[in-house]
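Asks: Have a look at this one before I ask anything.
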Amino acid sequence: MKLHLTGVKSTQIDSSIRITGSKSESNRLLILQALFPGIQIENLSNSDDSAVMQKALARSSELIDIHHAGTAMRFLTAYFACQDGREVILTGSERMKQRPVQVLVEALNAIGAHVEYLEDYGCPPLRIRGKLLTRSSVELPADISSQYISALLLIAPSLPDGLKITLKGDITSLPYIEMTLGLLNRVGIRTQMKDSVIEVFHTRELPAKNCVVESDWSSASYYFSILALSVVGSRLGLKAYREDSLQGDRVLCELFRPLGVESKFEGDTLVLVKNALPNTDHLDLDLKEAPDLAQTLAVCCFGLGIGCDLKGLHTLKIKETDRLEALKAELTKLGARIRVTDRSLHLEGNAEMKAGVSIETYNDHRMAMAFAPLALKKDLYIEDSEVVSKSYPGFWEDLSKLGFFMDKA
Ligand SMILES: O=C(O)C1=C[C@@H](OP(=O)(O)O)[C@@H](O)[C@H](O)C1
Ligand SMILES: C=C(OP(=O)(O)O)C(=O)O
């Protein structure tokens, strides 16, 4: 459905909302729960990606389709590889069939798994013949996706001798690896990381444990952007966040400070306040550790008339779409002067935003959500607005609560 965002009741925001649990934490805990049934999960994400994960783990069918969910594809590949005696075919959307899994498949096969490609070499769909994985050490490149490493870490405690993983090359998206280790520790599994070597110790069983998923920081990024684009004095409370968060995207609090957004905790509510105009006309950032924030930041800078140089973006080309090309195409339509390479984005400041432009979303939830805050400046259309359900099905409803006007176009 194409949505027309026609403006906002007031550019002075004063509201509070509750976003559901992080999809990254949820999908890790769902795998751990399948391996250690004593784990109970609260505030689970209501995202499509977590729904497909739950369905895949609950069903005994041979064919499992995880649609667009990258974490589900990677984590389930590892999970089914160690389910001795079970055979599955794991497939996904057309885009998922282009997203590489070779590094993970090779690492799993090196520890005794039997995983093979059914169509293009290196990509899903996969045929997985579950086996007892008996080898206890493996090395793999860490510069393409951290999800391969998290997938191995999640099954590691259930392997007979645990697993020692040696990471080769530059580590990308490190906070997501740390999140996995943090959750393993939280449920009672012993781990150790020294430089590029990670060890997870075998765990036979765990006592019952209630795990509360923190709300999603990547989803919170759209509200940081809204506050940055709103007038000084605006305020928004985001509920169910933690100061000791396991999510790397909590770095938002620092990244948005130069754009005039201060954040502080009041109990478990993260309170965002627009307390000043931006104190810079240019941002220079390396987002290797927070790739999911790139779209939010690029679009927000454009809306503020601020230039930016974003680097560390090499993983963006293999996500839901080629996010670098998608950003370039859609920001250019709005009037931006922008250049991208295969690992960076360069936006000039002071561009005037055109009104009434229709933004294509490329099956990518973050394209829709990153561009929506621009409605604070001029009207715009968002095509296929339902894409947001991949991570945040309630996004448009929450935006309405903040006073955004929208109609079906
Ligand atoms: O492990 C995770 O939950 C994720 C890791 C990141 O992927 P990469 O490690 O492929 O960059 C991130 O972009 C994705 O949205 C979620
Ligand atoms: C890249 C993302 O997800 P995934 O890789 O899990 O599909 C995302 O949510 O931005």
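Order determines the names: the first chain of the structure tokens is A, the second B, and so forth; residues in each chain are numbered 1 upward, and ligands are numbered 1 upward as they are shown.
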May I have a table of the residues of stretch 2-61 of chain A lying at most 12 Å from stretch 201-215 of chain A, giving each one's closest pair of atoms and their distance in Å to one decimal, counting only C-alpha atoms, ordered by chain and ascending residue number, as CSV?
Replies:
```
residue,atom,partner,partner_atom,distance
A:Ile17,CA,A:Ser215,CA,11.0
A:Arg18,CA,A:Ser215,CA,7.9
A:Ile19,CA,A:Ser215,CA,5.9
A:Thr20,CA,A:Ser215,CA,5.3
A:Gly21,CA,A:Ser215,CA,4.0
A:Ser22,CA,A:Ser215,CA,5.1
A:Lys23,CA,A:Ser215,CA,8.7
A:Ser24,CA,A:Val213,CA,9.6
A:Glu25,CA,A:Val213,CA,6.4
A:Ser26,CA,A:Val213,CA,6.6
A:Asn27,CA,A:Val213,CA,10.3
A:Arg28,CA,A:Val213,CA,10.4
A:Leu29,CA,A:Cys211,CA,8.2
A:Leu30,CA,A:Cys211,CA,10.8
A:Leu32,CA,A:Leu206,CA,10.4
A:Gln33,CA,A:Lys209,CA,9.9
A:Ala34,CA,A:Glu205,CA,12.0
A:Leu35,CA,A:Glu205,CA,9.0
A:Phe36,CA,A:Leu206,CA,6.5
A:Pro37,CA,A:Ala208,CA,8.0
A:Gly38,CA,A:Ala208,CA,4.1
A:Ile39,CA,A:Lys209,CA,4.9
A:Gln40,CA,A:Asn210,CA,4.6
A:Ile41,CA,A:Cys211,CA,5.0
A:Glu42,CA,A:Val212,CA,4.6
A:Asn43,CA,A:Val213,CA,5.3
A:Leu44,CA,A:Val213,CA,6.1
A:Ser45,CA,A:Val213,CA,7.9
A:Asn46,CA,A:Ser215,CA,10.8
A:Ser47,CA,A:Ser215,CA,11.9
```
Asks: Can you write out the residues you just picked, keeping N, CA and C atoms, as a PDB file, in the first residue's frame?
Replies:
```pdb
ATOM      1  N   ILE A  17       5.864   6.306  23.627  1.00  0.00           N
ATOM      2  CA  ILE A  17       5.424   5.065  22.967  1.00  0.00           C
ATOM      3  C   ILE A  17       6.217   3.889  23.497  1.00  0.00           C
ATOM      4  N   ARG A  18       5.712   2.696  23.187  1.00  0.00           N
ATOM      5  CA  ARG A  18       6.416   1.479  23.564  1.00  0.00           C
ATOM      6  C   ARG A  18       6.618   0.632  22.313  1.00  0.00           C
ATOM      7  N   ILE A  19       7.860   0.437  21.945  1.00  0.00           N
ATOM      8  CA  ILE A  19       8.213  -0.405  20.790  1.00  0.00           C
ATOM      9  C   ILE A  19       8.395  -1.814  21.369  1.00  0.00           C
ATOM     10  N   THR A  20       8.066  -2.880  20.599  1.00  0.00           N
ATOM     11  CA  THR A  20       8.241  -4.222  21.205  1.00  0.00           C
ATOM     12  C   THR A  20       9.710  -4.636  21.191  1.00  0.00           C
ATOM     13  N   GLY A  21       9.942  -5.860  21.676  1.00  0.00           N
ATOM     14  CA  GLY A  21      11.301  -6.359  21.909  1.00  0.00           C
ATOM     15  C   GLY A  21      12.174  -6.392  20.659  1.00  0.00           C
ATOM     16  N   SER A  22      13.465  -6.297  20.893  1.00  0.00           N
ATOM     17  CA  SER A  22      14.462  -6.335  19.819  1.00  0.00           C
ATOM     18  C   SER A  22      14.349  -7.640  19.018  1.00  0.00           C
ATOM     19  N   LYS A  23      14.351  -7.533  17.692  1.00  0.00           N
ATOM     20  CA  LYS A  23      14.264  -8.759  16.889  1.00  0.00           C
ATOM     21  C   LYS A  23      15.569  -9.541  16.968  1.00  0.00           C
ATOM     22  N   SER A  24      16.692  -8.839  17.135  1.00  0.00           N
ATOM     23  CA  SER A  24      17.981  -9.543  17.239  1.00  0.00           C
ATOM     24  C   SER A  24      18.040 -10.362  18.524  1.00  0.00           C
ATOM     25  N   GLU A  25      17.659  -9.741  19.639  1.00  0.00           N
ATOM     26  CA  GLU A  25      17.670 -10.494  20.908  1.00  0.00           C
ATOM     27  C   GLU A  25      16.646 -11.631  20.848  1.00  0.00           C
ATOM     28  N   SER A  26      15.448 -11.335  20.314  1.00  0.00           N
ATOM     29  CA  SER A  26      14.385 -12.352  20.273  1.00  0.00           C
ATOM     30  C   SER A  26      14.829 -13.579  19.485  1.00  0.00           C
ATOM     31  N   ASN A  27      15.421 -13.347  18.296  1.00  0.00           N
ATOM     32  CA  ASN A  27      15.758 -14.501  17.463  1.00  0.00           C
ATOM     33  C   ASN A  27      16.899 -15.330  18.045  1.00  0.00           C
ATOM     34  N   ARG A  28      17.781 -14.688  18.819  1.00  0.00           N
ATOM     35  CA  ARG A  28      18.820 -15.456  19.525  1.00  0.00           C
ATOM     36  C   ARG A  28      18.179 -16.287  20.639  1.00  0.00           C
ATOM     37  N   LEU A  29      17.283 -15.641  21.410  1.00  0.00           N
ATOM     38  CA  LEU A  29      16.677 -16.362  22.544  1.00  0.00           C
ATOM     39  C   LEU A  29      15.785 -17.510  22.061  1.00  0.00           C
ATOM     40  N   LEU A  30      15.147 -17.343  20.905  1.00  0.00           N
ATOM     41  CA  LEU A  30      14.303 -18.435  20.392  1.00  0.00           C
ATOM     42  C   LEU A  30      15.148 -19.671  20.069  1.00  0.00           C
ATOM     43  N   LEU A  32      18.062 -20.375  21.483  1.00  0.00           N
ATOM     44  CA  LEU A  32      18.535 -20.910  22.774  1.00  0.00           C
ATOM     45  C   LEU A  32      17.423 -21.674  23.486  1.00  0.00           C
ATOM     46  N   GLN A  33      16.193 -21.168  23.372  1.00  0.00           N
ATOM     47  CA  GLN A  33      15.051 -21.850  24.012  1.00  0.00           C
ATOM     48  C   GLN A  33      14.812 -23.226  23.370  1.00  0.00           C
ATOM     49  N   ALA A  34      15.017 -23.294  22.039  1.00  0.00           N
ATOM     50  CA  ALA A  34      14.827 -24.589  21.370  1.00  0.00           C
ATOM     51  C   ALA A  34      15.883 -25.599  21.842  1.00  0.00           C
ATOM     52  N   LEU A  35      17.064 -25.103  22.172  1.00  0.00           N
ATOM     53  CA  LEU A  35      18.144 -25.996  22.626  1.00  0.00           C
ATOM     54  C   LEU A  35      18.069 -26.271  24.129  1.00  0.00           C
ATOM     55  N   PHE A  36      17.570 -25.267  24.889  1.00  0.00           N
ATOM     56  CA  PHE A  36      17.495 -25.379  26.357  1.00  0.00           C
ATOM     57  C   PHE A  36      16.085 -24.971  26.794  1.00  0.00           C
ATOM     58  N   PRO A  37      15.162 -25.927  26.853  1.00  0.00           N
ATOM     59  CA  PRO A  37      13.730 -25.600  27.008  1.00  0.00           C
ATOM     60  C   PRO A  37      13.356 -24.857  28.293  1.00  0.00           C
ATOM     61  N   GLY A  38      14.253 -24.762  29.271  1.00  0.00           N
ATOM     62  CA  GLY A  38      13.911 -24.037  30.502  1.00  0.00           C
ATOM     63  C   GLY A  38      13.841 -22.524  30.326  1.00  0.00           C
ATOM     64  N   ILE A  39      14.261 -22.023  29.171  1.00  0.00           N
ATOM     65  CA  ILE A  39      14.284 -20.562  28.955  1.00  0.00           C
ATOM     66  C   ILE A  39      12.875 -20.045  28.623  1.00  0.00           C
ATOM     67  N   GLN A  40      12.442 -19.033  29.363  1.00  0.00           N
ATOM     68  CA  GLN A  40      11.156 -18.375  29.090  1.00  0.00           C
ATOM     69  C   GLN A  40      11.456 -16.981  28.553  1.00  0.00           C
ATOM     70  N   ILE A  41      10.672 -16.536  27.562  1.00  0.00           N
ATOM     71  CA  ILE A  41      10.971 -15.229  26.948  1.00  0.00           C
ATOM     72  C   ILE A  41       9.805 -14.260  27.153  1.00  0.00           C
ATOM     73  N   GLU A  42      10.133 -13.055  27.622  1.00  0.00           N
ATOM     74  CA  GLU A  42       9.118 -11.996  27.797  1.00  0.00           C
ATOM     75  C   GLU A  42       9.427 -10.842  26.850  1.00  0.00           C
ATOM     76  N   ASN A  43       8.398 -10.123  26.439  1.00  0.00           N
ATOM     77  CA  ASN A  43       8.538  -8.970  25.530  1.00  0.00           C
ATOM     78  C   ASN A  43       9.200  -9.361  24.198  1.00  0.00           C
ATOM     79  N   LEU A  44       8.813 -10.551  23.711  1.00  0.00           N
ATOM     80  CA  LEU A  44       9.329 -11.029  22.418  1.00  0.00           C
ATOM     81  C   LEU A  44       8.945 -10.042  21.308  1.00  0.00           C
ATOM     82  N   SER A  45       9.803  -9.894  20.336  1.00  0.00           N
ATOM     83  CA  SER A  45       9.508  -9.026  19.187  1.00  0.00           C
ATOM     84  C   SER A  45       8.257  -9.504  18.460  1.00  0.00           C
ATOM     85  N   ASN A  46       7.420  -8.550  17.993  1.00  0.00           N
ATOM     86  CA  ASN A  46       6.262  -8.947  17.176  1.00  0.00           C
ATOM     87  C   ASN A  46       6.574  -8.810  15.686  1.00  0.00           C
ATOM     88  N   SER A  47       7.852  -8.798  15.339  1.00  0.00           N
ATOM     89  CA  SER A  47       8.269  -8.632  13.939  1.00  0.00           C
ATOM     90  C   SER A  47       7.986  -9.889  13.109  1.00  0.00           C
TER      91      SER A  47
END
```
Asks: Counting only C-alpha atoms and all ligand atoms, what residues are within 10 Å of ligand 1, given as a PyMOL selection string?
Replies: chain A and resi 22-28+69-72+74-75+99-100+142-151+171-180+218+247-249+288-293+313-316+318-320+366+391
Asks: Using backbone DSSP assignments, extract all strand (DSSP E) residues from stretch 95-145 of chain A; output them as an MDAnalysis selection string.
Replies: chainID A and resid 114:117 126:129 137:141
Asks: Would you mind exporting N, CA and C atoms of the selected residues as a CSV table (one decimal), in the first residue's frame?
Replies:
```csv
chain,number,residue,atom,x,y,z
A,114,HIS,N,26.5,-31.4,7.3
A,114,HIS,CA,26.2,-31.8,5.9
A,114,HIS,C,25.2,-30.8,5.4
A,115,VAL,N,25.7,-29.7,4.8
A,115,VAL,CA,24.9,-28.7,4.3
A,115,VAL,C,25.3,-28.5,2.8
A,116,GLU,N,24.3,-28.5,1.9
A,116,GLU,CA,24.6,-28.2,0.5
A,116,GLU,C,23.6,-27.2,-0.2
A,117,TYR,N,24.1,-26.6,-1.2
A,117,TYR,CA,23.3,-25.6,-2.0
A,117,TYR,C,22.4,-26.3,-3.0
A,126,LEU,N,19.1,-24.2,1.0
A,126,LEU,CA,20.1,-25.1,1.4
A,126,LEU,C,19.3,-26.5,1.8
A,127,ARG,N,20.0,-27.6,1.5
A,127,ARG,CA,19.6,-28.8,2.1
A,127,ARG,C,20.5,-29.2,3.3
A,128,ILE,N,19.8,-29.4,4.4
A,128,ILE,CA,20.6,-29.6,5.6
A,128,ILE,C,20.3,-31.0,6.2
A,129,ARG,N,21.3,-31.8,6.3
A,129,ARG,CA,21.1,-33.1,6.9
A,129,ARG,C,21.7,-33.1,8.3
A,137,SER,N,36.6,-27.1,17.0
A,137,SER,CA,37.2,-25.8,16.7
A,137,SER,C,37.1,-25.5,15.2
A,138,VAL,N,37.0,-24.2,14.9
A,138,VAL,CA,36.8,-23.8,13.5
A,138,VAL,C,37.3,-22.3,13.4
A,139,GLU,N,37.7,-22.0,12.1
A,139,GLU,CA,38.0,-20.6,11.9
A,139,GLU,C,37.2,-20.1,10.7
A,140,LEU,N,36.9,-18.8,10.7
A,140,LEU,CA,36.1,-18.3,9.5
A,140,LEU,C,36.4,-16.8,9.4
A,141,PRO,N,36.2,-16.3,8.2
A,141,PRO,CA,36.3,-14.8,8.0
A,141,PRO,C,35.2,-14.1,8.7
```
Asks: Could you find all residues in stretch 205-234 of chain A that DSSP calls helix (DSSP H, G or I) from the backbone, and write them as number ranges by chain?
Replies: A: 217-229
Asks: One decimal, in Å: what's the spacing between atom CA of A:Thr77 and atom CA of A:Leu246?
Replies: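 Separation between atom CA of A:Thr77 and atom CA of A:Leu246: 23.7 Å.
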Asks: For ligand 2, which residue among A:Ala276, A:Leu90, A:Leu5, A:Met367 is the nearest when counting only C-alpha atoms and all ligand atoms?
Replies: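 Selected residue with least distance to ligand 2: A:Met367.
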Asks: Determine the nearest neighbour of A:Ser10 from the options A:Cys253, A:Ile359, A:Leu229, A:Val200, counting only C-alpha atoms.
Replies: A:Leu229
Asks: Work out how far atom CA of A:Leu345 is from atom CA of A:Asp309, in Å to one decimal.
Replies: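 Here the two named atoms are 5.8 Å from each other.
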Asks: Using Å and a single decimal, report how far atom CA of A:Asn363 sits from atom CA of A:Arg95.
Replies: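 Going from atom CA of A:Arg95 over to atom CA of A:Asn363 covers 8.8 Å.
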Asks: Pick the closest to ligand 2 from A:Glu254, A:Asp322, A:Glu243, A:Asp284: which is it, counting only C-alpha atoms and all ligand atoms?
Replies: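 With only C-alpha atoms and all ligand atoms as the atom set, the closest residue is A:Asp322.
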Asks: Nearest residue to ligand 2 out of A:Arg86, A:Lys239, A:Lys317, A:Arg59, using only C-alpha atoms and all ligand atoms?
Replies: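 Smallest separation from ligand 2 among the options: A:Lys317.
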Asks: Do a neighbour search on A:Glu62 at 7 Å with only C-alpha atoms, toss out local chain neighbours closer than 5 positions, and write the hits as a list in words.
Replies: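 Listed by chain and then number, they are Glu87, Val88 and Ile89 of chain A.
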Asks: Can I get the selected residues back with N, CA and C atoms, as a tab-separated table (two decimals), in the first residue's frame?
Replies:
```tsv
chain	number	residue	atom	x	y	z
A	87	GLU	N	16.14	-33.87	8.49
A	87	GLU	CA	16.56	-33.27	7.22
A	87	GLU	C	15.61	-32.15	6.85
A	88	VAL	N	16.15	-30.97	6.51
A	88	VAL	CA	15.26	-29.87	6.09
A	88	VAL	C	15.83	-29.18	4.85
A	89	ILE	N	14.92	-28.51	4.15
A	89	ILE	CA	15.34	-27.58	3.09
A	89	ILE	C	14.98	-26.19	3.60
```
Asks: When you look at stretch 257-274 of chain A with a cut-off of 9 Å (counting only C-alpha atoms), what residues show up, excluding the ones that are within fewer than 2 positions of it in the same chain? I need them as a JSON list (two decimals) with N, CA and C atoms, in the first residue's frame.
Replies:
```
[["chain", "number", "residue", "atom", "x", "y", "z"],
["A", 16, "SER", "N", 4.72, 9.61, 24.28],
["A", 16, "SER", "CA", 5.55, 8.47, 24.66],
["A", 16, "SER", "C", 4.99, 7.21, 23.99],
["A", 223, "TYR", "N", 12.92, 7.53, 15.81],
["A", 223, "TYR", "CA", 12.44, 8.58, 16.73],
["A", 223, "TYR", "C", 13.55, 9.57, 17.06],
["A", 224, "PHE", "N", 14.78, 9.09, 17.09],
["A", 224, "PHE", "CA", 15.89, 10.05, 17.24],
["A", 224, "PHE", "C", 15.88, 11.00, 16.03],
["A", 225, "SER", "N", 15.63, 10.44, 14.85],
["A", 225, "SER", "CA", 15.59, 11.26, 13.64],
["A", 225, "SER", "C", 14.41, 12.25, 13.69],
["A", 227, "LEU", "N", 12.99, 13.48, 16.34],
["A", 227, "LEU", "CA", 13.30, 14.54, 17.30],
["A", 227, "LEU", "C", 14.30, 15.54, 16.70],
["A", 228, "ALA", "N", 15.30, 15.03, 15.99],
["A", 228, "ALA", "CA", 16.30, 15.92, 15.38],
["A", 228, "ALA", "C", 15.62, 16.87, 14.39],
["A", 229, "LEU", "N", 14.55, 16.40, 13.71],
["A", 229, "LEU", "CA", 13.88, 17.23, 12.70],
["A", 229, "LEU", "C", 12.76, 18.09, 13.29],
["A", 230, "SER", "N", 12.48, 17.89, 14.58],
["A", 230, "SER", "CA", 11.37, 18.65, 15.20],
["A", 230, "SER", "C", 11.92, 19.94, 15.82],
["A", 231, "VAL", "N", 11.02, 20.74, 16.42],
["A", 231, "VAL", "CA", 11.48, 22.02, 16.98],
["A", 231, "VAL", "C", 12.08, 21.83, 18.36],
["A", 232, "VAL", "N", 12.94, 22.77, 18.76],
["A", 232, "VAL", "CA", 13.56, 22.73, 20.08],
["A", 232, "VAL", "C", 12.45, 22.73, 21.14],
["A", 233, "GLY", "N", 12.59, 21.84, 22.14],
["A", 233, "GLY", "CA", 11.56, 21.73, 23.18],
["A", 233, "GLY", "C", 10.76, 20.43, 23.03],
["A", 234, "SER", "N", 10.88, 19.75, 21.87],
["A", 234, "SER", "CA", 10.16, 18.49, 21.68],
["A", 234, "SER", "C", 10.71, 17.43, 22.62],
["A", 235, "ARG", "N", 9.83, 16.45, 22.93],
["A", 235, "ARG", "CA", 10.20, 15.45, 23.93],
["A", 235, "ARG", "C", 9.45, 14.16, 23.62],
["A", 236, "LEU", "N", 10.14, 13.03, 23.78],
["A", 236, "LEU", "CA", 9.49, 11.74, 23.51],
["A", 236, "LEU", "C", 10.05, 10.68, 24.45],
["A", 237, "GLY", "N", 9.15, 9.92, 25.09],
["A", 237, "GLY", "CA", 9.56, 8.82, 25.96],
["A", 237, "GLY", "C", 9.45, 7.49, 25.23],
["A", 238, "LEU", "N", 10.50, 6.68, 25.29],
["A", 238, "LEU", "CA", 10.48, 5.34, 24.68],
["A", 238, "LEU", "C", 10.62, 4.33, 25.81],
["A", 239, "LYS", "N", 9.58, 3.46, 25.95],
["A", 239, "LYS", "CA", 9.53, 2.60, 27.14],
["A", 239, "LYS", "C", 10.25, 1.26, 26.94],
["A", 240, "ALA", "N", 10.64, 0.67, 28.08],
["A", 240, "ALA", "CA", 11.24, -0.68, 28.16],
["A", 240, "ALA", "C", 12.64, -0.74, 27.53],
["A", 241, "TYR", "N", 13.47, 0.24, 27.86],
["A", 241, "TYR", "CA", 14.89, 0.23, 27.46],
["A", 241, "TYR", "C", 15.76, 0.07, 28.71],
["A", 242, "ARG", "N", 17.02, -0.31, 28.50],
["A", 242, "ARG", "CA", 17.94, -0.55, 29.62],
["A", 242, "ARG", "C", 19.24, 0.22, 29.42],
["A", 243, "GLU", "N", 19.73, 0.81, 30.51],
["A", 243, "GLU", "CA", 21.02, 1.51, 30.41],
["A", 243, "GLU", "C", 22.15, 0.54, 30.11],
["A", 252, "LEU", "N", 23.22, 5.33, 19.36],
["A", 252, "LEU", "CA", 22.37, 6.43, 18.89],
["A", 252, "LEU", "C", 22.47, 7.63, 19.81],
["A", 253, "CYS", "N", 22.52, 7.36, 21.12],
["A", 253, "CYS", "CA", 22.53, 8.46, 22.10],
["A", 253, "CYS", "C", 23.71, 9.40, 21.82],
["A", 254, "GLU", "N", 24.85, 8.83, 21.47],
["A", 254, "GLU", "CA", 26.02, 9.68, 21.15],
["A", 254, "GLU", "C", 25.92, 10.28, 19.75],
["A", 255, "LEU", "N", 25.47, 9.45, 18.79],
["A", 255, "LEU", "CA", 25.47, 9.90, 17.39],
["A", 255, "LEU", "C", 24.53, 11.09, 17.16],
["A", 276, "ALA", "N", 18.51, 21.62, 21.43],
["A", 276, "ALA", "CA", 19.29, 22.66, 20.74],
["A", 276, "ALA", "C", 19.23, 22.42, 19.24],
["A", 277, "LEU", "N", 19.64, 23.43, 18.48],
["A", 277, "LEU", "CA", 19.79, 23.22, 17.03],
["A", 277, "LEU", "C", 21.08, 22.43, 16.81],
["A", 278, "PRO", "N", 21.24, 21.76, 15.67],
["A", 278, "PRO", "CA", 22.49, 21.01, 15.44],
["A", 278, "PRO", "C", 23.69, 21.93, 15.61],
["A", 279, "ASN", "N", 24.76, 21.39, 16.21],
["A", 279, "ASN", "CA", 25.94, 22.24, 16.43],
["A", 279, "ASN", "C", 27.03, 21.96, 15.38],
["A", 280, "THR", "N", 26.62, 21.34, 14.27],
["A", 280, "THR", "CA", 27.59, 21.01, 13.23],
["A", 280, "THR", "C", 26.91, 21.11, 11.87],
["A", 283, "LEU", "N", 28.64, 15.59, 9.37],
["A", 283, "LEU", "CA", 28.93, 14.42, 10.22],
["A", 283, "LEU", "C", 29.90, 13.51, 9.48],
["A", 301, "CYS", "N", 20.30, 13.59, 8.09],
["A", 301, "CYS", "CA", 21.23, 14.66, 7.70],
["A", 301, "CYS", "C", 20.68, 15.44, 6.52],
["A", 304, "LEU", "N", 18.04, 17.79, 7.60],
["A", 304, "LEU", "CA", 18.55, 18.93, 8.37],
["A", 304, "LEU", "C", 19.43, 19.85, 7.53]]
```
Asks: Please list as a list in words every residue within 12 Å of A:Asp407, counting only C-alpha atoms and excluding residues in the same chain fewer than 3 positions away.
Replies: Met1, Lys2, Leu3, His4, Leu5, Thr6, Gly7, Asp379, Leu380, Tyr381, Ile382, Ser385, Trp396, Ser400 and Phe404 of chain A
Asks: Here is a test: counting only C-alpha atoms and all ligand atoms, which residue of A:Asn185, A:Gln102, A:Ser245, A:Ser50 is nearest to ligand 2?
Replies: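 Using only C-alpha atoms and all ligand atoms, ligand 2 sits closest to A:Ser50.
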Asks: For ligand 2, which of A:Ser93, A:Asn350, A:Ser158, A:Thr332 is the closest residue, counting only C-alpha atoms and all ligand atoms?
Replies: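 Checking each of A:Ser93, A:Asn350, A:Ser158, A:Thr332 against ligand 2, counting only C-alpha atoms and all ligand atoms, the winner is A:Ser93.
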Asks: Using only C-alpha atoms, determine which residues lie at most 8 Å from A:Ser196, disregarding the query and same-chain residues fewer than 3 positions distant; provide the list as a ChimeraX atom specification.
Replies: /A:166-168,193
Asks: Would you pick out the contacts of A:Gly335 at 8 Å or less, using only C-alpha atoms, so that residues sharing its chain but fewer than 3 positions from it are not included, and give the list as a list in words?
Replies: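 Selected residues are Leu331, Thr332, Ala351, Glu352, Met353 and Lys354 of chain A.
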